[in-house]
Amino acid sequence: MQLICLPYGRRVKSNRMVIVRKTALEKFLPARMSAGIVLIPLIDSFTPLLDFADYRLSPWTVWRGIGITAVALGFFWRAHADLGRNWSPALELREGHELITRGVYRNVRHPMYASSTLWGSGRGLIPHNWIAGWSPLLSLLILFFLRVPREEQMMIDPFGEAYRAYRQRTGAIFPRWRRG
Ligand SMILES: C[S@@+](CC[C@H](N)C(=O)[O-])C[C@H]1O[C@@H](n2cnc3c(N)ncnc32)[C@H](O)[C@@H]1O
């Protein structure tokens with residue numbers, strides 16, 4: 001996931017931000033995410049500290065996990081491509097920010113958070129350890145529930161009715177398809 005973000009991070013470096021929501025919670029979330037997604041799985045890979053939480057499932061489960069993470073990464077990349085210069089890892093809006101409602105954003109408002117959560121579900125099937133397997137998903141769910149209301153409020157402030165109408169016709173995490 002970090003590798004997918006990297007080129008977009010470079011591209012948006014020159015953006016001039018006009019709205020920045022840097023709350024204490026926003027400062028805490030990246031640390032919580034790094035612990036859940038990187039640190040705990042690393043501890044499990046290189047030390048026996050978490051062995052007490054091991055369990056066994058068939059090797060096919062690992063392949064299912066790899067398949068799910070691959071599909072999720074495809075959607076995650078597509079969402080980055082659709083946001084383009086409007087992407088930001090934090091809660092902020094750039095000068096001339098465009099509300100994107102096309103591509104994967106046509107039917108779902110949070111495809112990055114949705115695909116990250118799907119990735120976390122697939123990731124849970126790979127190491128067969130309750131803590132190392134499921135801590136990424138837990139971190140991503142915390143991010144999702146804490147951030148989405150704040151992000152949507154941030155989008156409503158400048159985009160007003162356009163964002164409210166977009167919210168009406170789309171799903172937050174599951175796509176909502178309209179007839180006709
Ligand atoms: C980490 S990205 C996640 C985007 C989205 N919530 C998702 O899950 O795909 C967060 C930033 O993307 C931007 N953003 C979110 N939704 C957007 C939209 N529909 N159009 C343009 N920019 C958006 C905002 O700048 C926000 O701070």
# chains A, B, ... in the order shown; residues from 1 in each chain; ligands from 1

$ residues_near_ligand --ligand "ligand 1" --cutoff "8 Å" --atoms "only C-alpha atoms and all ligand atoms" --output "number ranges by chain"
A: 76, 79-80, 83, 86-94, 97-101, 105, 109-114, 148, 151-152, 154-155

$ select_by_dssp --residues "chain A" --states "alpha helix (DSSP H)" --output "PyMOL selection string"
chain A and resi 2-11+24-34+40-46+59-83+111-124+130-169

$ write_last_selection --atoms "C-alpha atoms" --output "compact mmCIF listing (two decimals), in the first residue's frame"
# COMPACT_ATOMS: atom_id res chain seq x y z
CA GLN A 2 2.85 2.38 0.86
CA LEU A 3 4.40 1.72 -2.57
CA ILE A 4 1.14 2.71 -4.29
CA CYS A 5 0.94 5.97 -2.26
CA LEU A 6 4.57 6.93 -2.89
CA PRO A 7 4.37 8.39 -6.45
CA TYR A 8 1.11 10.22 -5.63
CA GLY A 9 2.72 11.64 -2.47
CA ARG A 10 5.54 13.06 -4.61
CA ARG A 11 3.14 14.48 -7.17
CA ALA A 24 -4.79 15.63 17.98
CA LEU A 25 -6.69 12.60 16.64
CA GLU A 26 -5.22 13.10 13.16
CA LYS A 27 -1.72 13.19 14.68
CA PHE A 28 -2.40 9.97 16.62
CA LEU A 29 -3.89 7.98 13.71
CA PRO A 30 -0.69 7.47 11.64
CA ALA A 31 1.16 6.15 14.73
CA ARG A 32 -1.74 3.77 15.49
CA MET A 33 -1.77 2.62 11.84
CA SER A 34 2.01 2.02 11.72
CA ILE A 40 3.08 -5.91 15.14
CA PRO A 41 3.46 -8.11 11.99
CA LEU A 42 7.25 -7.45 12.11
CA ILE A 43 7.39 -8.51 15.77
CA ASP A 44 5.54 -11.71 14.82
CA SER A 45 7.90 -12.42 11.89
CA PHE A 46 11.16 -11.90 13.75
CA PRO A 59 -2.73 -23.62 3.29
CA TRP A 60 -5.55 -22.69 0.88
CA THR A 61 -6.60 -20.01 3.33
CA VAL A 62 -3.25 -18.31 2.80
CA TRP A 63 -3.82 -18.32 -0.98
CA ARG A 64 -7.31 -16.91 -0.49
CA GLY A 65 -5.78 -14.19 1.66
CA ILE A 66 -3.20 -13.39 -1.02
CA GLY A 67 -5.96 -13.27 -3.69
CA ILE A 68 -8.09 -10.89 -1.60
CA THR A 69 -5.12 -8.57 -0.87
CA ALA A 70 -4.24 -8.50 -4.60
CA VAL A 71 -7.79 -7.49 -5.62
CA ALA A 72 -7.85 -4.88 -2.82
CA LEU A 73 -4.54 -3.39 -3.94
CA GLY A 74 -5.93 -3.09 -7.50
CA PHE A 75 -8.89 -1.00 -6.22
CA PHE A 76 -6.60 1.00 -3.93
CA TRP A 77 -4.37 1.93 -6.88
CA ARG A 78 -7.42 2.77 -9.06
CA ALA A 79 -8.79 5.13 -6.38
CA HIS A 80 -5.43 6.94 -6.22
CA ALA A 81 -5.41 7.28 -10.00
CA ASP A 82 -8.96 8.72 -9.95
CA LEU A 83 -8.21 11.31 -7.21
CA PRO A 111 -12.93 3.44 -2.10
CA MET A 112 -9.46 3.83 -0.50
CA TYR A 113 -10.74 3.07 2.98
CA ALA A 114 -12.97 0.30 1.56
CA SER A 115 -10.08 -1.34 -0.33
CA SER A 116 -7.75 -0.92 2.68
CA THR A 117 -10.32 -2.69 4.86
CA LEU A 118 -10.63 -5.45 2.24
CA TRP A 119 -6.83 -5.68 2.18
CA GLY A 120 -6.84 -5.99 6.00
CA SER A 121 -9.39 -8.85 5.75
CA GLY A 122 -7.18 -10.72 3.26
CA ARG A 123 -4.09 -9.93 5.32
CA GLY A 124 -5.76 -11.54 8.33
CA TRP A 130 -4.72 -13.70 15.96
CA ILE A 131 -2.69 -10.60 16.81
CA ALA A 132 -0.36 -10.19 13.82
CA GLY A 133 -3.07 -11.29 11.37
CA TRP A 134 -5.90 -9.09 12.51
CA SER A 135 -4.17 -5.99 13.95
CA PRO A 136 -3.96 -4.37 10.46
CA LEU A 137 -7.73 -4.78 9.97
CA LEU A 138 -8.43 -3.42 13.45
CA SER A 139 -6.23 -0.36 12.76
CA LEU A 140 -7.97 0.25 9.43
CA LEU A 141 -11.44 -0.05 10.98
CA ILE A 142 -10.44 2.46 13.68
CA LEU A 143 -9.21 4.80 10.94
CA PHE A 144 -12.42 4.34 8.99
CA PHE A 145 -14.82 5.02 11.88
CA LEU A 146 -12.86 7.93 13.35
CA ARG A 147 -11.98 9.65 10.13
CA VAL A 148 -14.96 9.32 7.81
CA PRO A 149 -17.34 11.70 9.68
CA ARG A 150 -14.57 14.34 9.94
CA GLU A 151 -13.56 13.93 6.30
CA GLU A 152 -17.16 14.23 5.12
CA GLN A 153 -17.68 17.37 7.21
CA MET A 154 -14.48 18.81 5.71
CA MET A 155 -15.84 18.10 2.19
CA ILE A 156 -19.27 19.61 2.99
CA ASP A 157 -17.73 22.91 4.13
CA PRO A 158 -16.46 23.97 0.67
CA PHE A 159 -18.59 21.77 -1.64
CA GLY A 160 -21.92 22.12 0.24
CA GLU A 161 -24.92 20.90 -1.75
CA ALA A 162 -22.75 19.12 -4.36
CA TYR A 163 -21.21 16.90 -1.66
CA ARG A 164 -24.56 16.37 0.11
CA ALA A 165 -26.12 15.20 -3.17
CA TYR A 166 -23.08 12.97 -3.84
CA ARG A 167 -23.48 11.49 -0.34
CA GLN A 168 -27.16 10.79 -1.01
CA ARG A 169 -26.54 8.82 -4.19

$ atom_distance --atom1 "CA of Thr47 (chain A)" --atom2 "CA of Ala35 (chain A)"
15.6 Å

$ select_by_dssp --residues "region 28-180 of chain A" --states "strand (DSSP E or B)" --output "list of chain:residue names"
A:Asp54, A:Glu92, A:Leu93, A:Arg94, A:Val108, A:Asn129, A:Gly171

$ atom_distance --atom1 "CA of Ile19 (chain A)" --atom2 "CA of Val38 (chain A)"
29.5 Å

$ closest_residue --among "A:Arg176, A:Glu95, A:Leu57, A:Gly103" --to "Val20 (chain A)" --atoms "only C-alpha atoms"
A:Glu95
